[in-house]
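Source file protein-v1.txt; content: compact mmCIF, C-alpha atoms.
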```txt
# COMPACT_ATOMS: atom_id res chain seq x y z
CA MET E 45 74.10 31.82 162.76
CA LYS E 46 76.00 28.63 163.37
CA ILE E 47 79.66 29.58 162.94
CA LEU E 48 82.68 27.31 162.70
CA ILE E 49 86.04 28.87 163.66
CA THR E 50 89.56 27.47 163.65
CA ALA E 51 92.28 28.96 165.85
CA GLY E 52 95.88 28.53 166.93
CA PRO E 53 98.76 26.62 165.38
CA THR E 54 99.10 22.97 164.49
CA ARG E 55 101.95 20.76 165.63
CA GLU E 56 103.41 18.22 163.27
CA PRO E 57 105.36 15.62 165.29
CA LEU E 58 108.74 14.19 164.39
CA ASP E 59 108.80 11.99 167.49
CA PRO E 60 107.16 12.17 170.96
CA VAL E 61 109.42 15.12 171.86
CA ARG E 62 109.96 17.21 168.72
CA PHE E 63 107.53 18.86 166.32
CA ILE E 64 107.20 21.49 163.56
CA SER E 65 104.93 24.42 164.39
CA ASN E 66 104.67 28.21 164.21
CA ARG E 67 104.27 31.22 166.49
CA SER E 68 100.47 31.43 166.55
CA THR E 69 98.97 31.68 170.04
CA GLY E 70 95.31 31.44 169.01
CA LYS E 71 94.38 34.85 170.44
CA MET E 72 92.73 36.15 167.26
CA GLY E 73 90.69 32.99 166.71
CA PHE E 74 89.57 32.85 170.33
CA ALA E 75 88.60 36.53 170.13
CA LEU E 76 86.43 35.67 167.11
CA ALA E 77 84.77 32.85 169.04
CA GLN E 78 84.09 35.19 171.97
CA ALA E 79 82.71 37.94 169.74
CA ALA E 80 80.44 35.52 167.89
CA ALA E 81 79.12 33.97 171.10
CA GLU E 82 78.53 37.38 172.65
CA ALA E 83 76.48 38.31 169.57
CA GLY E 84 74.23 35.31 170.13
CA HIS E 85 75.58 32.92 167.51
CA THR E 86 76.21 29.20 168.00
CA VAL E 87 79.96 28.70 167.83
CA THR E 88 82.11 25.63 167.26
CA LEU E 89 85.80 26.35 167.85
CA VAL E 90 88.41 23.93 166.51
CA ALA E 91 91.55 24.80 168.45
CA GLY E 92 95.13 23.79 167.92
CA PRO E 93 97.45 23.34 170.94
CA VAL E 94 97.07 26.58 172.91
CA THR E 95 96.67 27.48 176.58
CA LEU E 96 93.75 29.88 176.26
CA PRO E 97 90.48 29.37 178.19
CA THR E 98 87.37 28.52 176.20
CA PRO E 99 85.08 31.55 175.72
CA ALA E 100 81.72 31.27 177.46
CA GLY E 101 79.07 29.48 175.46
CA VAL E 102 81.50 28.08 172.88
CA ARG E 103 81.79 24.41 171.93
CA ARG E 104 85.50 23.59 171.69
CA ILE E 105 87.20 20.76 169.82
CA ASP E 106 90.92 20.36 170.56
CA VAL E 107 93.24 19.04 167.87
CA CYS E 108 96.98 18.91 167.35
CA THR E 109 97.91 18.26 163.72
CA ALA E 110 96.72 19.71 160.41
CA LEU E 111 95.13 16.40 159.45
CA GLU E 112 93.22 16.32 162.75
CA MET E 113 92.05 19.90 162.18
CA LEU E 114 90.90 19.07 158.65
CA ASP E 115 88.94 16.07 159.94
CA ALA E 116 87.25 18.17 162.65
CA VAL E 117 86.36 20.92 160.18
CA THR E 118 84.99 18.42 157.64
CA GLN E 119 82.73 16.88 160.28
CA ALA E 120 81.51 20.18 161.77
CA LEU E 121 81.07 22.28 158.61
CA PRO E 122 77.82 20.72 157.24
CA ALA E 123 75.90 21.93 160.32
CA CYS E 124 77.27 25.50 160.06
CA GLU E 125 76.39 28.54 157.97
CA ALA E 126 79.75 30.29 158.14
CA PHE E 127 83.38 29.20 158.42
CA ILE E 128 86.15 31.48 159.70
CA SER E 129 89.53 29.87 159.04
CA CYS E 130 91.82 31.72 161.45
CA ALA E 131 94.22 28.91 162.41
CA ALA E 132 97.86 29.04 161.34
CA VAL E 133 98.03 25.55 159.89
CA ALA E 134 101.52 24.14 159.31
CA ASP E 135 102.16 23.86 155.57
CA TRP E 136 104.41 20.82 155.99
CA ARG E 137 104.76 17.78 158.24
CA PRO E 138 107.56 15.22 158.68
CA GLU E 139 107.29 12.33 156.25
CA THR E 140 107.53 9.90 159.15
CA CYS E 141 106.94 10.13 162.88
CA SER E 142 108.87 7.90 165.23
CA SER E 143 106.99 6.32 168.15
CA THR E 144 110.09 6.72 170.32
CA LYS E 145 112.45 9.64 170.80
CA LEU E 146 115.03 9.78 168.03
CA LYS E 147 118.59 9.77 169.25
CA LYS E 148 120.97 12.31 167.81
CA SER E 149 123.16 9.49 166.60
CA GLU E 150 120.20 8.09 164.62
CA MET E 151 119.31 11.36 162.90
CA SER E 152 120.74 12.72 159.68
CA GLY E 153 121.03 16.39 158.82
CA THR E 154 118.09 16.14 156.43
CA LEU E 155 114.42 16.19 157.40
CA ARG E 156 112.07 14.86 154.75
CA LEU E 157 108.73 16.70 154.64
CA VAL E 158 105.36 16.21 152.95
CA ARG E 159 102.87 18.98 152.28
CA ASN E 160 99.79 19.26 154.47
CA PRO E 161 96.40 19.76 152.80
CA ASP E 162 95.09 23.31 152.52
CA ILE E 163 91.98 23.15 154.70
CA LEU E 164 90.03 25.94 152.99
CA ARG E 165 90.80 24.58 149.53
CA THR E 166 89.94 21.03 150.60
CA VAL E 167 86.51 21.91 152.01
CA ARG E 168 85.64 24.37 149.22
CA PRO E 169 83.30 21.80 147.55
CA LEU E 170 81.19 21.96 150.75
CA LYS E 171 80.82 25.74 150.59
CA GLY E 172 77.43 26.05 148.91
CA THR E 173 75.75 29.19 150.28
CA ARG E 174 78.00 29.28 153.35
CA LYS E 175 80.18 32.33 153.99
CA PHE E 176 83.90 31.55 154.07
CA VAL E 177 86.36 33.92 155.77
CA GLY E 178 90.12 33.44 155.62
CA PHE E 179 93.20 35.10 157.04
CA ALA E 180 96.46 36.11 155.36
CA ALA E 181 99.27 36.61 157.87
CA GLU E 182 102.14 37.98 155.79
CA THR E 183 105.33 40.01 156.19
CA GLY E 184 105.63 43.37 154.48
CA GLU E 185 102.68 44.61 152.41
CA PRO E 186 100.09 41.80 152.75
CA THR E 187 97.21 42.81 150.49
CA ALA E 188 98.52 41.49 147.15
CA GLU E 189 99.00 37.99 148.53
CA ALA E 190 95.70 38.26 150.40
CA ALA E 191 93.89 39.16 147.17
CA ARG E 192 95.40 36.10 145.46
CA LYS E 193 94.23 33.83 148.30
CA LEU E 194 90.79 35.45 148.21
CA ARG E 195 90.44 34.47 144.53
CA ASP E 196 92.13 31.09 144.65
CA LYS E 197 90.19 29.81 147.64
CA GLY E 198 86.80 31.25 146.68
CA LEU E 199 86.45 33.28 149.87
CA ASP E 200 83.82 35.88 150.71
CA LEU E 201 86.22 37.85 152.92
CA ILE E 202 89.90 37.72 153.73
CA VAL E 203 91.61 39.44 156.64
CA ALA E 204 95.17 40.53 155.86
CA ASN E 205 97.83 41.66 158.28
CA ASP E 206 101.57 42.21 158.44
CA VAL E 207 102.82 40.11 161.35
CA THR E 208 105.99 42.20 161.59
CA ALA E 209 104.11 45.47 162.18
CA PRO E 210 104.27 46.81 165.76
CA GLY E 211 101.31 45.54 167.78
CA ALA E 212 99.97 43.38 164.96
CA GLY E 213 101.93 40.13 165.10
CA PHE E 214 101.64 36.91 167.01
CA ALA E 215 101.12 36.88 170.80
CA THR E 216 99.91 40.49 170.90
CA GLU E 217 96.64 41.81 172.34
CA THR E 218 96.09 44.10 169.33
CA ASN E 219 95.99 43.77 165.56
CA ARG E 220 96.00 45.99 162.47
CA VAL E 221 94.19 44.37 159.55
CA THR E 222 92.74 45.08 156.12
CA LEU E 223 89.46 43.47 155.05
CA LEU E 224 89.24 42.47 151.37
CA THR E 225 86.19 41.21 149.47
CA PRO E 226 85.77 39.77 145.94
CA ASP E 227 84.24 43.00 144.58
CA GLY E 228 87.61 44.70 145.10
CA SER E 229 86.70 46.70 148.19
CA ARG E 230 89.32 47.11 150.90
CA GLU E 231 88.84 48.43 154.42
CA ALA E 232 91.98 49.13 156.44
CA LEU E 233 91.23 49.09 160.16
CA PRO E 234 93.40 51.03 162.62
CA LEU E 235 95.36 49.31 165.36
CA MET E 236 92.80 47.97 167.81
CA ASP E 237 92.24 45.24 170.37
CA LYS E 238 91.83 41.81 168.79
CA LEU E 239 88.37 41.48 170.31
CA GLU E 240 87.33 44.69 168.55
CA VAL E 241 88.75 43.36 165.27
CA ALA E 242 86.77 40.18 165.86
CA ARG E 243 83.57 42.14 166.44
CA ARG E 244 84.04 43.94 163.11
CA ILE E 245 84.43 40.62 161.32
CA ILE E 246 81.34 39.14 162.98
CA ALA E 247 79.40 42.32 162.12
CA TRP E 248 80.45 41.85 158.48
CA LEU E 249 79.08 38.29 158.55
CA GLU E 250 75.83 39.50 160.06
CA ALA E 251 75.47 42.16 157.38
```
Let me see the structure of the file written as structure tokens.
Amino acid sequence: MKILITAGPTREPLDPVRFISNRSTGKMGFALAQAAAEAGHTVTLVAGPVTLPTPAGVRRIDVCTALEMLDAVTQALPACEAFISCAAVADWRPETCSSTKLKKSEMSGTLRLVRNPDILRTVRPLKGTRKFVGFAAETGEPTAEAARKLRDKGLDLIVANDVTAPGAGFATETNRVTLLTPDGSREALPLMDKLEVARRIIAWLEA
């Protein structure tokens, strides 16, 4: 298959020095790209600002902001048969971005934000027969919110995890996830290396 994968965070700049972001390191998305390439698939990886090396055989597109990631996904998706949306895209961005560093004396205590587009929801009209896989990184019991996202975004599979669980959050080498599908089935995987989780997800796509 030709598989499109997003990974890592986005950064939403306030000025050339400051930005809004999150704790994603891209490890899960890069593991997916590695697993897919190892299985013989053609992989396009749209990566937010991370320091990870590109997996062998993977075409990488580096982006910074949510709007840049959306543009890259929109351009790459028509040539692909599956889309795995693993990136932790910032929900909001500053309303304005200064071209020069803002001085403390020039800043108020209020930061005005505008909502970023939801990438999966935005590209849903392009889905057709393509398989769409999403992620739900939650705190506490994640499956209820994951099931809602599965329905609302028209996904074929969603991968849910509690980022506060030991060994399953950001910047870890392992993950503990539950796979949910539209027919109501749920498969809870034990704690395992992120590459092994990625291989299970790629195997699901192949099946």
Polymer residues at most 6 Å from (89.9, 31.0, 153.1) by all atoms listed in the file, as a CSV table (one decimal) with C-alpha atoms, keeping the file's coordinate frame:
```csv
chain,number,residue,atom,x,y,z
E,164,LEU,CA,90.0,25.9,153.0
E,177,VAL,CA,86.4,33.9,155.8
E,178,GLY,CA,90.1,33.4,155.6
E,197,LYS,CA,90.2,29.8,147.6
E,199,LEU,CA,86.4,33.3,149.9
```
TODO: Place a sphere of radius 7 Å on (78.2, 30.0, 167.5) in the file coordinates and name every protein, DNA or RNA residue with an atom inside or on its surface, counting all atoms listed in the file; give the answer as an MDAnalysis selection string.
DONE: chainID E and resid 45:47 80:81 85:88 102
Task: Who sits within 6 Å of range 128-131 of chain E, all atoms listed in the file, same chain under 3 positions skipped, as a PyMOL selection string - done: chain E and resi 49-53+73+177-179
TODO: Rank nothing, just name the residue among E:Val90, E:Ile245, E:Leu170, E:Leu194 nearest to Val133 in chain E, using all atoms listed in the file.
DONE: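 Closest residue, counting all atoms listed in the file: E:Val90.
Distance check against Val221 in chain E using all atoms listed in the file: of E:Arg192, E:Lys147, E:Arg104, E:Arg244, the minimum falls on E:Arg244.
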Open item on the list: Between E:Thr144, E:Ser65, E:Thr208, E:Thr109, which residue has the minimum interatomic distance to Pro186 in chain E, considering all atoms listed in the file?
Closed with: E:Thr208
- [ ] Grab the CA of Ala190 in chain E to CA of Phe127 in chain E distance for me, in Å with one decimal place.
- [x] 17.3 Å
Task: Spatial neighbours of Gly211 in chain E, 9 Å, only C-alpha atoms, chain gap at least 4 places, as a PyMOL selection string - done: chain E and resi 207+216-220+235-236
C-alpha atoms of the current selection, written as a compact mmCIF listing (two decimals), in the coordinates of the input:
```
# COMPACT_ATOMS: atom_id res chain seq x y z
CA VAL E 207 102.82 40.11 161.35
CA THR E 216 99.91 40.49 170.90
CA GLU E 217 96.64 41.81 172.34
CA THR E 218 96.09 44.10 169.33
CA ASN E 219 95.99 43.77 165.56
CA ARG E 220 96.00 45.99 162.47
CA LEU E 235 95.36 49.31 165.36
CA MET E 236 92.80 47.97 167.81
```
Task: Exercise: Leu155 in chain E partners within 10 Å, all atoms listed in the file, chain neighbours under 2 positions left out, as a list of chain:residue names - done: E:Leu58, E:Arg137, E:Pro138, E:Glu139, E:Thr140, E:Met151, E:Ser152, E:Gly153, E:Leu157
Task: Spatial neighbours of range 223-225 of chain E, 9 Å, all atoms listed in the file, chain gap at least 2 places, as a count of residues only - done: 19
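Of the residues under consideration (E:Ser68, E:Thr222, E:Thr54, E:Gln78), E:Gln78 shows the shortest atom-to-atom contact distance to Ile246 in chain E when counting all atoms listed in the file.
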Task: Gap from CA of Glu185 in chain E to CA of Pro234 in chain E - Å, one decimal - done: 15.2 Å
